[in-house]
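S.K.: If it helps, the file is called final.cif and holds mmCIF, C-alpha atoms:
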```cif
data_query
loop_
_atom_site.group_PDB
_atom_site.id
_atom_site.type_symbol
_atom_site.label_atom_id
_atom_site.label_comp_id
_atom_site.auth_asym_id
_atom_site.auth_seq_id
_atom_site.Cartn_x
_atom_site.Cartn_y
_atom_site.Cartn_z
ATOM 1 C CA MET H 1047 -2.854 -4.864 -18.724
ATOM 2 C CA ASN H 1048 -0.164 -7.358 -19.636
ATOM 3 C CA ILE H 1049 0.740 -9.979 -17.071
ATOM 4 C CA ILE H 1050 4.143 -11.576 -17.383
ATOM 5 C CA GLY H 1051 4.285 -15.055 -15.898
ATOM 6 C CA ASP H 1052 1.738 -17.513 -14.575
ATOM 7 C CA VAL H 1053 -0.262 -16.217 -11.622
ATOM 8 C CA ALA H 1054 -2.908 -18.952 -11.573
ATOM 9 C CA GLY H 1055 -3.356 -20.297 -8.059
ATOM 10 C CA ARG H 1056 -0.941 -17.768 -6.574
ATOM 11 C CA PHE H 1057 -1.343 -14.945 -4.071
ATOM 12 C CA CYS H 1058 -0.199 -11.670 -5.655
ATOM 13 C CA VAL H 1059 1.264 -8.603 -3.977
ATOM 14 C CA LEU H 1060 1.193 -5.220 -5.729
ATOM 15 C CA ILE H 1061 3.628 -2.567 -4.506
ATOM 16 C CA ASP H 1062 3.324 1.102 -5.415
ATOM 17 C CA ASP H 1063 4.824 4.349 -4.213
ATOM 18 C CA ILE H 1064 1.841 6.651 -4.787
ATOM 19 C CA VAL H 1065 -1.822 5.842 -5.382
ATOM 20 C CA ASP H 1066 -4.062 8.723 -6.396
ATOM 21 C CA SER H 1067 -7.280 7.549 -8.043
ATOM 22 C CA ALA H 1068 -6.472 3.818 -7.528
ATOM 23 C CA GLY H 1069 -7.693 3.101 -11.063
ATOM 24 C CA THR H 1070 -4.509 1.407 -12.270
ATOM 25 C CA LEU H 1071 -4.152 -0.543 -9.036
ATOM 26 C CA CYS H 1072 -7.735 -1.827 -9.198
ATOM 27 C CA ASN H 1073 -7.381 -2.679 -12.897
ATOM 28 C CA ALA H 1074 -4.190 -4.614 -12.135
ATOM 29 C CA ALA H 1075 -5.963 -6.543 -9.368
ATOM 30 C CA ALA H 1076 -8.833 -7.379 -11.743
ATOM 31 C CA ALA H 1077 -6.403 -8.578 -14.428
ATOM 32 C CA LEU H 1078 -4.552 -10.773 -11.931
ATOM 33 C CA LYS H 1079 -7.787 -12.311 -10.644
ATOM 34 C CA GLU H 1080 -8.978 -12.883 -14.207
ATOM 35 C CA ALA H 1081 -5.680 -14.685 -14.874
ATOM 36 C CA GLY H 1082 -6.424 -17.018 -11.958
ATOM 37 C CA ALA H 1083 -4.729 -15.375 -8.969
ATOM 38 C CA GLU H 1084 -6.040 -16.660 -5.624
ATOM 39 C CA GLY H 1085 -5.942 -13.195 -4.087
ATOM 40 C CA VAL H 1086 -4.386 -9.759 -4.548
ATOM 41 C CA VAL H 1087 -3.196 -7.261 -1.936
ATOM 42 C CA ALA H 1088 -1.519 -3.896 -2.429
ATOM 43 C CA TYR H 1089 1.086 -2.094 -0.334
ATOM 44 C CA VAL H 1090 1.365 1.649 -0.918
ATOM 45 C CA THR H 1091 3.723 4.230 0.555
ATOM 46 C CA HIS H 1092 1.738 7.399 -0.143
ATOM 47 C CA GLY H 1093 -2.033 7.125 -0.438
ATOM 48 C CA VAL H 1094 -3.375 10.306 -1.999
ATOM 49 C CA LEU H 1095 -6.685 8.486 -2.590
ATOM 50 C CA SER H 1096 -8.418 11.400 -4.282
ATOM 51 C CA GLY H 1097 -11.993 11.506 -5.493
ATOM 52 C CA GLY H 1098 -13.638 8.105 -5.401
ATOM 53 C CA ALA H 1099 -10.444 6.127 -4.807
ATOM 54 C CA VAL H 1100 -11.552 4.592 -1.507
ATOM 55 C CA ALA H 1101 -14.883 3.496 -2.999
ATOM 56 C CA ARG H 1102 -13.014 2.145 -6.040
ATOM 57 C CA VAL H 1103 -10.783 0.025 -3.782
ATOM 58 C CA GLU H 1104 -13.786 -1.168 -1.785
ATOM 59 C CA GLY H 1105 -15.474 -2.382 -4.976
ATOM 60 C CA SER H 1106 -12.337 -3.891 -6.466
ATOM 61 C CA GLU H 1107 -10.833 -7.374 -6.602
ATOM 62 C CA LEU H 1108 -8.251 -6.319 -4.003
ATOM 63 C CA THR H 1109 -8.392 -8.268 -0.768
ATOM 64 C CA GLU H 1110 -6.715 -5.390 1.032
ATOM 65 C CA MET H 1111 -4.741 -2.213 0.378
ATOM 66 C CA VAL H 1112 -2.242 -1.244 3.062
ATOM 67 C CA VAL H 1113 -1.196 2.414 3.004
ATOM 68 C CA THR H 1114 1.002 4.495 5.290
ATOM 69 C CA ASP H 1115 -0.055 7.773 6.834
ATOM 70 C CA SER H 1116 2.861 9.632 5.213
ATOM 71 C CA ILE H 1117 0.181 12.069 4.050
ATOM 72 C CA GLN H 1118 -3.195 12.734 5.646
ATOM 73 C CA PRO H 1119 -5.601 10.024 4.480
ATOM 74 C CA PRO H 1120 -8.912 11.278 3.119
ATOM 75 C CA GLU H 1121 -12.032 11.181 5.244
ATOM 76 C CA GLY H 1122 -13.537 7.717 5.312
ATOM 77 C CA ALA H 1123 -10.330 5.858 4.460
ATOM 78 C CA GLY H 1124 -9.964 4.629 8.035
ATOM 79 C CA ASP H 1125 -13.491 3.205 7.989
ATOM 80 C CA ALA H 1126 -13.060 1.299 4.724
ATOM 81 C CA LYS H 1127 -12.982 -2.494 5.081
ATOM 82 C CA LYS H 1128 -10.324 -3.017 2.429
ATOM 83 C CA VAL H 1129 -8.035 -0.132 3.451
ATOM 84 C CA ARG H 1130 -5.586 -0.610 6.311
ATOM 85 C CA LEU H 1131 -3.665 2.456 7.484
ATOM 86 C CA LEU H 1132 -0.208 2.043 8.999
ATOM 87 C CA THR H 1133 1.418 4.843 10.935
ATOM 88 C CA ILE H 1134 5.021 5.684 10.138
ATOM 89 C CA ALA H 1135 5.366 8.144 13.032
ATOM 90 C CA PRO H 1136 7.538 5.843 15.210
ATOM 91 C CA LEU H 1137 9.871 5.129 12.293
ATOM 92 C CA VAL H 1138 10.231 8.808 11.376
ATOM 93 C CA ALA H 1139 10.756 9.758 15.035
ATOM 94 C CA GLU H 1140 13.471 7.131 15.453
ATOM 95 C CA ALA H 1141 15.189 8.266 12.248
ATOM 96 C CA ILE H 1142 15.189 11.887 13.453
ATOM 97 C CA LYS H 1143 16.577 10.803 16.837
ATOM 98 C CA ARG H 1144 19.359 8.809 15.194
ATOM 99 C CA ILE H 1145 20.273 11.696 12.925
ATOM 100 C CA ALA H 1146 20.466 13.998 15.959
ATOM 101 C CA ASP H 1147 22.548 11.406 17.845
ATOM 102 C CA GLU H 1148 24.724 10.840 14.766
ATOM 103 C CA SER H 1149 23.967 7.126 14.868
ATOM 104 C CA SER H 1150 22.972 4.764 12.039
ATOM 105 C CA VAL H 1151 19.687 5.356 10.286
ATOM 106 C CA SER H 1152 20.259 2.552 7.787
ATOM 107 C CA SER H 1153 20.344 -0.039 10.599
ATOM 108 C CA LEU H 1154 16.613 0.682 11.105
ATOM 109 C CA PHE H 1155 16.039 -1.362 7.961
ATOM 110 C CA ASP H 1156 18.247 -4.363 8.749
#
```
Re-express the file's structure as structure tokens.
M.R.:
Amino acid sequence: MNIIGDVAGRFCVLIDDIVDSAGTLCNAAAALKEAGAEGVVAYVTHGVLSGGAVARVEGSELTEMVVTDSIQPPEGAGDAKKVRLLTIAPLVAEAIKRIADESSVSSLFD
């Protein structure tokens, strides 16, 4: 892991589109903490979380990993202390409604 910049005393946010095994994410959190980061959280769009990913996150330097329910989370993910699941159902429903009504979808993100 190569860290660019000074993270000592700072709170770091990792953003990823897909997390499968969570190995890279946990290694990045460890490297940031080793470099002096105060804390590290991760925000993930699609949490595949295969194999021992949830246990890996639980034992990692991450303070929290927030993941959407864009795909079915694995069993036990909802019970993990460091994993927070966010539903995207209302956002997807509103986007579908706006497409059907021929109104702006992009304004959902203003």
S.K.: Mind working out the centre and edge lengths of an axis-aligned box for range 1128-1141 of chain H, all listed atoms inside, 4 Å added to each side, rounded to one decimal in Å and written as JSON?
M.R.:
```
{"center_x": 2.4, "center_y": 3.4, "center_z": 8.9, "size_x": 33.5, "size_y": 20.8, "size_z": 21.0}
```
S.K.: Using the chain letters and numbers from the file, give me the residues hit by the PyMOL selection byres ((chain H and resi 1106) around 9), as a PyMOL selection string.
M.R.: chain H and resi 1072-1073+1075-1076+1101-1105+1107-1109
S.K.: Which value, in Å to one decimal, gives the distance between CA of Gly1085 in chain H and CA of Arg1056 in chain H?
M.R.: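 Between CA of Gly1085 in chain H and CA of Arg1056 in chain H the gap is 7.2 Å.
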S.K.: Neighbours of Ala1141 in chain H within 10 Å (all atoms listed in the file; same-chain residues fewer than 5 positions away dropped), as number ranges by chain?
M.R.: H: 1135-1136, 1146-1147, 1149-1154
S.K.: Run the PyMOL selection byres ((chain H and resi 1071) around 12) mentally over the shown coordinates, then write out the matched residues as a ChimeraX atom specification, using the chain letters and numbers from the document.
M.R.: /H:1047,1059-1070,1072-1078,1086-1090,1093,1095,1099-1100,1102-1103,1106-1108,1110-1111
S.K.: Between CA of Val1129 in chain H and CA of Gly1082 in chain H, what distance in Å does the model show, to one decimal?
M.R.: 22.9 Å
S.K.: Counting only C-alpha atoms, which of H:Lys1143, H:Glu1121, H:Lys1079, H:Asn1048 gets nearest to Ser1096 in chain H?
M.R.: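 Counting only C-alpha atoms, the residue closest to Ser1096 in chain H is H:Glu1121.
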S.K.: Using the chain letters and numbers from this file, what does the PyMOL selection byres ((chain H and resi 1116-1118) around 7) select? Give the answer as an MDAnalysis selection string.
M.R.: chainID H and resid 1092 1114:1115 1119:1120 1134
S.K.: Suppose you want the space between CA of Val1113 in chain H and CA of Val1094 in chain H; what is it in Å?
M.R.: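 Rounded to one decimal, the two atoms are 9.6 Å apart.
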S.K.: H:Lys1127, H:Phe1155, H:Gly1055, H:Gly1122: which is nearest Gly1098 in chain H, counting all atoms listed in the file?
M.R.: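 Looking only at the distances to Gly1098 in chain H, the closest residue turns out to be H:Gly1122.
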